[in-house]
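Structure record follows, encoded as structure tokens.
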Amino acid sequence: MTQSLTYLDHNATTPLKPAAMEAMKALLLLPGNASATHKAGRAARAAIERARAQVAALVNAGPQAVIVFTSGATEANNLVLKGAGCERVLASAAEHASVLQAREDIGMIPVLPDGLVDLAALDRMLAGNTAQTLISVMLVNNETGVIQPVGKVMEIAKKRGALVHCDAVQAAGRMPVDIQALGVDYMTLSSHKIGGPQGAGALVMANCVAVAPEISGGGQEKNMRAGTENVSAIAGFGVAAELAAEDMEAYQRLASLRDRVEAELKKAAPALHVFGENAPRVVNTTMFAHEGLTADTQMIALDLAGVCVSNGSACGSGTVRASHVLKAMGVADDLASCALRVSFGWNSTDADADMFIQKWTEIYKRRQKRAS
Ligand code: PMP
């Protein structure tokens, strides 16, 4: 089925890489529970520990770091926000829902019109702070691709004695991610955004500051995430992490596809808005809107043409709510309701970009004709 599709929704999920699938297949046939001490159990344990090392390497986690495997980034974000033991949590207004909805008492750090977190506002929010505080700022925004100045967030946090969590789900595999260089305390990763299977993720704890578990019972993952490990998914995640590190340089070719889409669309529609255009952005993502051309109209026409894109974050799709990220950037609801996200991935081709440009231009021209 995927052959006839032009799949440009890699930020929602990116296809499983063949080598990850092979590793998974082998482990699906293995009967071992990783907690068992017999040969089969030890083989399962070895697969998990191999994956842990592969994930650690992707983000340059040091020897003191602890990696907890979870069911995905949503769980990892919940685990750290609820379990880090901080009285106060501040998060950027552009964070993923799994951060923003993990607690009811989150203080919102505003973002600027280009999508970058407002560092001066963060500094003000921390002035005179006495509570143990956790700051959560993502490395790359899933909707706009904007790269946040997490190093600068870290400097401010250090000065004020706060901990920092970074959701690096959309950064891993797309740009170099070095948890030691960033200096953050916690980092979240997701398998299915880097070519591993859905349903696996990790919380990386740089300084081994343990978190209270969300799920108790079996003592797995150093008592931070009970339950028999999903060995094949974790192994697939590990292989995907290793490949993501190896393929990082080649991945940068996607900038030319993204840039071509933006240039061609603007040529056809000079009034096109590209969100976060002047901020640093990851190479695979573009989010744009044209006044009067609603996301629904575009999505329906593109879907009929076999082109898969998103009208914001996948979790928000199917609802008519304007993207909270665009809202936070000060984009008016009318324009936000026209926003489309195109995200390329490891198997995207020039032909995919061409197909999108052709189909989108047709939709735009049809609308112009009707409006005239
Ligand atoms: N954080 C970000 C930035 C994301 O893009 C996503 C997935 N849309 C998540 C967290 C949640 O990841 P998962 O699907 O692994 O729960």
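By order of appearance in the structure tokens: chains A, B, ..., then residues from 1 within every chain, and ligands from 1 in the order shown.
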
For ligand 1, collect every residue having any atom at a distance of at most 9 Å from a ligand atom (counting only C-alpha atoms and all ligand atoms); output as a PyMOL selection string. chain A and resi 11-13+70-77+95-99+138-143+167-171+188-193+198-202+313-315

Any chance you could list, as an MDAnalysis selection string, the residues in segment 70-189 of chain A that come up strand (DSSP E or B) when DSSP is run on the backbone? chainID A and resid 70 88:92 107:109 111 117 133:136 140 146:147 163:167 186:189

List as a PDB file with N, CA and C atoms, in the first residue's frame the protein and nucleic acid residues near Val146 of chain A, meaning an atom at most 12 Å away when only C-alpha atoms are counted, but skip any in the same chain fewer than 6 places from it.
ATOM      1  N   ALA A  94       5.132  25.781  23.651  1.00  0.00           N
ATOM      2  CA  ALA A  94       5.149  25.036  22.389  1.00  0.00           C
ATOM      3  C   ALA A  94       5.447  23.557  22.598  1.00  0.00           C
ATOM      4  N   GLU A  95       5.471  23.104  23.865  1.00  0.00           N
ATOM      5  CA  GLU A  95       5.776  21.686  24.118  1.00  0.00           C
ATOM      6  C   GLU A  95       4.673  20.781  23.583  1.00  0.00           C
ATOM      7  N   VAL A 111       6.563  31.707  24.141  1.00  0.00           N
ATOM      8  CA  VAL A 111       7.492  31.654  23.006  1.00  0.00           C
ATOM      9  C   VAL A 111       7.320  32.928  22.181  1.00  0.00           C
ATOM     10  N   LEU A 112       8.356  33.256  21.454  1.00  0.00           N
ATOM     11  CA  LEU A 112       8.370  34.469  20.634  1.00  0.00           C
ATOM     12  C   LEU A 112       7.700  34.168  19.284  1.00  0.00           C
ATOM     13  N   PRO A 113       7.399  35.186  18.487  1.00  0.00           N
ATOM     14  CA  PRO A 113       6.694  34.945  17.221  1.00  0.00           C
ATOM     15  C   PRO A 113       7.418  33.987  16.260  1.00  0.00           C
ATOM     16  N   ASP A 114       8.741  33.868  16.385  1.00  0.00           N
ATOM     17  CA  ASP A 114       9.445  32.926  15.511  1.00  0.00           C
ATOM     18  C   ASP A 114       9.465  31.509  16.081  1.00  0.00           C
ATOM     19  N   GLY A 115       8.825  31.322  17.233  1.00  0.00           N
ATOM     20  CA  GLY A 115       8.732  29.981  17.804  1.00  0.00           C
ATOM     21  C   GLY A 115       9.779  29.667  18.851  1.00  0.00           C
ATOM     22  N   LEU A 116      10.736  30.574  19.033  1.00  0.00           N
ATOM     23  CA  LEU A 116      11.791  30.328  20.021  1.00  0.00           C
ATOM     24  C   LEU A 116      11.308  30.682  21.416  1.00  0.00           C
ATOM     25  N   VAL A 117      11.729  29.894  22.385  1.00  0.00           N
ATOM     26  CA  VAL A 117      11.316  30.141  23.765  1.00  0.00           C
ATOM     27  C   VAL A 117      11.859  31.499  24.228  1.00  0.00           C
ATOM     28  N   VAL A 137      11.895  22.021  28.172  1.00  0.00           N
ATOM     29  CA  VAL A 137      11.951  22.699  26.866  1.00  0.00           C
ATOM     30  C   VAL A 137      12.448  21.698  25.827  1.00  0.00           C
ATOM     31  N   MET A 138      11.691  21.555  24.760  1.00  0.00           N
ATOM     32  CA  MET A 138      12.029  20.587  23.714  1.00  0.00           C
ATOM     33  C   MET A 138      13.213  21.068  22.878  1.00  0.00           C
ATOM     34  N   LEU A 139      13.921  20.126  22.247  1.00  0.00           N
ATOM     35  CA  LEU A 139      15.042  20.544  21.399  1.00  0.00           C
ATOM     36  C   LEU A 139      14.537  20.974  20.027  1.00  0.00           C
ATOM     37  N   VAL A 140      13.583  20.212  19.470  1.00  0.00           N
ATOM     38  CA  VAL A 140      13.012  20.562  18.162  1.00  0.00           C
ATOM     39  C   VAL A 140      11.494  20.474  18.261  1.00  0.00           C
ATOM     40  N   GLN A 170      12.044  14.916  18.385  1.00  0.00           N
ATOM     41  CA  GLN A 170      12.111  15.333  16.977  1.00  0.00           C
ATOM     42  C   GLN A 170      13.509  15.813  16.587  1.00  0.00           C
ATOM     43  N   ALA A 171      14.446  15.733  17.516  1.00  0.00           N
ATOM     44  CA  ALA A 171      15.818  16.138  17.219  1.00  0.00           C
ATOM     45  C   ALA A 171      16.695  14.926  16.924  1.00  0.00           C
ATOM     46  N   MET A 175      19.457  15.845  13.853  1.00  0.00           N
ATOM     47  CA  MET A 175      20.598  16.734  14.098  1.00  0.00           C
ATOM     48  C   MET A 175      21.416  16.109  15.237  1.00  0.00           C
ATOM     49  N   VAL A 274       5.565  30.981   6.081  1.00  0.00           N
ATOM     50  CA  VAL A 274       6.288  29.793   6.566  1.00  0.00           C
ATOM     51  C   VAL A 274       6.613  30.046   8.035  1.00  0.00           C
ATOM     52  N   PHE A 275       6.104  29.217   8.895  1.00  0.00           N
ATOM     53  CA  PHE A 275       6.254  29.466  10.329  1.00  0.00           C
ATOM     54  C   PHE A 275       7.670  29.111  10.805  1.00  0.00           C
ATOM     55  N   GLY A 276       8.218  30.010  11.607  1.00  0.00           N
ATOM     56  CA  GLY A 276       9.557  29.790  12.155  1.00  0.00           C
ATOM     57  C   GLY A 276      10.656  29.911  11.114  1.00  0.00           C
ATOM     58  N   GLU A 277      10.313  30.540   9.994  1.00  0.00           N
ATOM     59  CA  GLU A 277      11.224  30.603   8.845  1.00  0.00           C
ATOM     60  C   GLU A 277      12.585  31.212   9.186  1.00  0.00           C
ATOM     61  N   ASN A 278      12.577  32.199  10.078  1.00  0.00           N
ATOM     62  CA  ASN A 278      13.841  32.883  10.373  1.00  0.00           C
ATOM     63  C   ASN A 278      14.547  32.358  11.618  1.00  0.00           C
ATOM     64  N   ALA A 279      13.990  31.326  12.191  1.00  0.00           N
ATOM     65  CA  ALA A 279      14.637  30.698  13.351  1.00  0.00           C
ATOM     66  C   ALA A 279      15.438  29.494  12.847  1.00  0.00           C
ATOM     67  N   PRO A 280      16.404  29.017  13.638  1.00  0.00           N
ATOM     68  CA  PRO A 280      17.073  27.780  13.222  1.00  0.00           C
ATOM     69  C   PRO A 280      16.046  26.653  13.189  1.00  0.00           C
ATOM     70  N   ARG A 281      16.081  25.853  12.130  1.00  0.00           N
ATOM     71  CA  ARG A 281      15.106  24.756  12.015  1.00  0.00           C
ATOM     72  C   ARG A 281      15.807  23.462  11.635  1.00  0.00           C
ATOM     73  N   VAL A 282      15.213  22.367  12.028  1.00  0.00           N
ATOM     74  CA  VAL A 282      15.714  21.058  11.642  1.00  0.00           C
ATOM     75  C   VAL A 282      15.403  20.874  10.148  1.00  0.00           C
ATOM     76  N   VAL A 283      16.197  20.039   9.456  1.00  0.00           N
ATOM     77  CA  VAL A 283      16.153  20.033   7.989  1.00  0.00           C
ATOM     78  C   VAL A 283      14.900  19.421   7.354  1.00  0.00           C
ATOM     79  N   ASN A 284      14.159  18.613   8.105  1.00  0.00           N
ATOM     80  CA  ASN A 284      13.126  17.807   7.431  1.00  0.00           C
ATOM     81  C   ASN A 284      11.721  18.396   7.483  1.00  0.00           C
ATOM     82  N   THR A 285      11.548  19.503   8.201  1.00  0.00           N
ATOM     83  CA  THR A 285      10.178  19.971   8.517  1.00  0.00           C
ATOM     84  C   THR A 285       9.891  21.352   7.962  1.00  0.00           C
ATOM     85  N   THR A 286       8.676  21.520   7.419  1.00  0.00           N
ATOM     86  CA  THR A 286       8.195  22.859   7.101  1.00  0.00           C
ATOM     87  C   THR A 286       6.724  22.942   7.465  1.00  0.00           C
ATOM     88  N   MET A 287       6.335  24.070   8.029  1.00  0.00           N
ATOM     89  CA  MET A 287       4.929  24.306   8.324  1.00  0.00           C
ATOM     90  C   MET A 287       4.562  25.663   7.749  1.00  0.00           C
ATOM     91  N   VAL A 325       0.748  25.437  19.242  1.00  0.00           N
ATOM     92  CA  VAL A 325       2.098  25.964  18.970  1.00  0.00           C
ATOM     93  C   VAL A 325       1.982  27.279  18.200  1.00  0.00           C
ATOM     94  N   LEU A 326       1.140  27.277  17.174  1.00  0.00           N
ATOM     95  CA  LEU A 326       0.958  28.510  16.391  1.00  0.00           C
ATOM     96  C   LEU A 326       0.299  29.591  17.236  1.00  0.00           C
ATOM     97  N   MET A 329       2.767  31.234  19.244  1.00  0.00           N
ATOM     98  CA  MET A 329       3.618  32.114  18.433  1.00  0.00           C
ATOM     99  C   MET A 329       2.862  33.387  18.030  1.00  0.00           C
TER     100      MET A 329
END

Please compute the atom CA of Asp352 of chain A-atom CA of Thr6 of chain A distance, one decimal, in Å.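 Separation of atom CA of Asp352 of chain A and atom CA of Thr6 of chain A: 5.8 Å.
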
As a PyMOL selection string, please: the residues near segment 230-242 of chain A (cut-off 9 Å, only C-alpha atoms, same-chain neighbours under 2 positions excluded). chain A and resi 16-17+19-28+32-34+44-45+47-58+69-71+172-173+190-192+194-201+227-228+244-247

Select from segment 154-214 of chain A everything DSSP, run on the backbone, classes as helix (DSSP H, G or I), then give the selection as a ChimeraX atom specification. /A:154-159,179-182,191-193

Taking N, CA, C and O atoms for each residue, export the selection above as an mmCIF file, in the first residue's frame.
data_model
loop_
_atom_site.group_PDB
_atom_site.id
_atom_site.type_symbol
_atom_site.label_atom_id
_atom_site.label_comp_id
_atom_site.auth_asym_id
_atom_site.auth_seq_id
_atom_site.Cartn_x
_atom_site.Cartn_y
_atom_site.Cartn_z
ATOM 1 N N MET A 154 19.619 26.066 29.700
ATOM 2 C CA MET A 154 20.427 25.393 30.717
ATOM 3 C C MET A 154 21.238 26.403 31.538
ATOM 4 O O MET A 154 21.324 26.285 32.763
ATOM 5 N N GLU A 155 21.815 27.402 30.850
ATOM 6 C CA GLU A 155 22.610 28.424 31.567
ATOM 7 C C GLU A 155 21.741 29.154 32.589
ATOM 8 O O GLU A 155 22.158 29.380 33.728
ATOM 9 N N ILE A 156 20.541 29.521 32.160
ATOM 10 C CA ILE A 156 19.629 30.241 33.055
ATOM 11 C C ILE A 156 19.230 29.343 34.221
ATOM 12 O O ILE A 156 19.224 29.751 35.379
ATOM 13 N N ALA A 157 18.941 28.089 33.899
ATOM 14 C CA ALA A 157 18.498 27.140 34.924
ATOM 15 C C ALA A 157 19.581 26.920 35.972
ATOM 16 O O ALA A 157 19.304 26.884 37.181
ATOM 17 N N LYS A 158 20.804 26.804 35.503
ATOM 18 C CA LYS A 158 21.930 26.541 36.407
ATOM 19 C C LYS A 158 22.082 27.683 37.411
ATOM 20 O O LYS A 158 22.254 27.470 38.605
ATOM 21 N N LYS A 159 21.984 28.894 36.859
ATOM 22 C CA LYS A 159 22.114 30.107 37.681
ATOM 23 C C LYS A 159 21.056 30.119 38.789
ATOM 24 O O LYS A 159 21.280 30.625 39.861
ATOM 25 N N ILE A 179 23.776 14.930 24.995
ATOM 26 C CA ILE A 179 23.176 15.264 26.298
ATOM 27 C C ILE A 179 24.218 15.849 27.250
ATOM 28 O O ILE A 179 23.902 16.725 28.056
ATOM 29 N N GLN A 180 25.474 15.407 27.107
ATOM 30 C CA GLN A 180 26.513 15.942 28.004
ATOM 31 C C GLN A 180 26.849 17.380 27.631
ATOM 32 O O GLN A 180 27.010 18.241 28.491
ATOM 33 N N ALA A 181 26.931 17.656 26.327
ATOM 34 C CA ALA A 181 27.238 19.023 25.897
ATOM 35 C C ALA A 181 26.087 19.958 26.258
ATOM 36 O O ALA A 181 26.316 21.094 26.671
ATOM 37 N N LEU A 182 24.859 19.475 26.112
ATOM 38 C CA LEU A 182 23.703 20.316 26.463
ATOM 39 C C LEU A 182 23.642 20.547 27.968
ATOM 40 O O LEU A 182 23.217 21.605 28.425
ATOM 41 N N SER A 191 11.176 5.884 19.804
ATOM 42 C CA SER A 191 11.675 4.956 18.791
ATOM 43 C C SER A 191 11.095 5.218 17.402
ATOM 44 O O SER A 191 11.814 5.210 16.396
ATOM 45 N N HIS A 192 9.774 5.458 17.336
ATOM 46 C CA HIS A 192 9.133 5.490 16.007
ATOM 47 C C HIS A 192 9.350 6.785 15.242
ATOM 48 O O HIS A 192 8.861 6.940 14.133
ATOM 49 N N LYS A 193 10.115 7.717 15.833
ATOM 50 C CA LYS A 193 10.458 8.927 15.086
ATOM 51 C C LYS A 193 11.825 8.783 14.419
ATOM 52 O O LYS A 193 12.269 9.665 13.703
#

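Distance check against Gln132 of chain A using only C-alpha atoms: of A:Ala162, A:Ala120, A:Ala212, A:Ile147, the minimum falls on A:Ala162.
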
For each of A:Phe344, A:Tyr364, A:Phe356, A:Tyr251, take the minimum atom-to-atom distance to Thr294 of chain A, counting only C-alpha atoms, then give the residue where this is smallest. A:Tyr364

Compare A:Glu362, A:Asp185, A:Asp350, A:Asp9 by their minimum atom-to-atom distance to Arg253 of chain A, counting only C-alpha atoms, and give me the closest one.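 Checking each of A:Glu362, A:Asp185, A:Asp350, A:Asp9 against Arg253 of chain A, counting only C-alpha atoms, the winner is A:Asp350.
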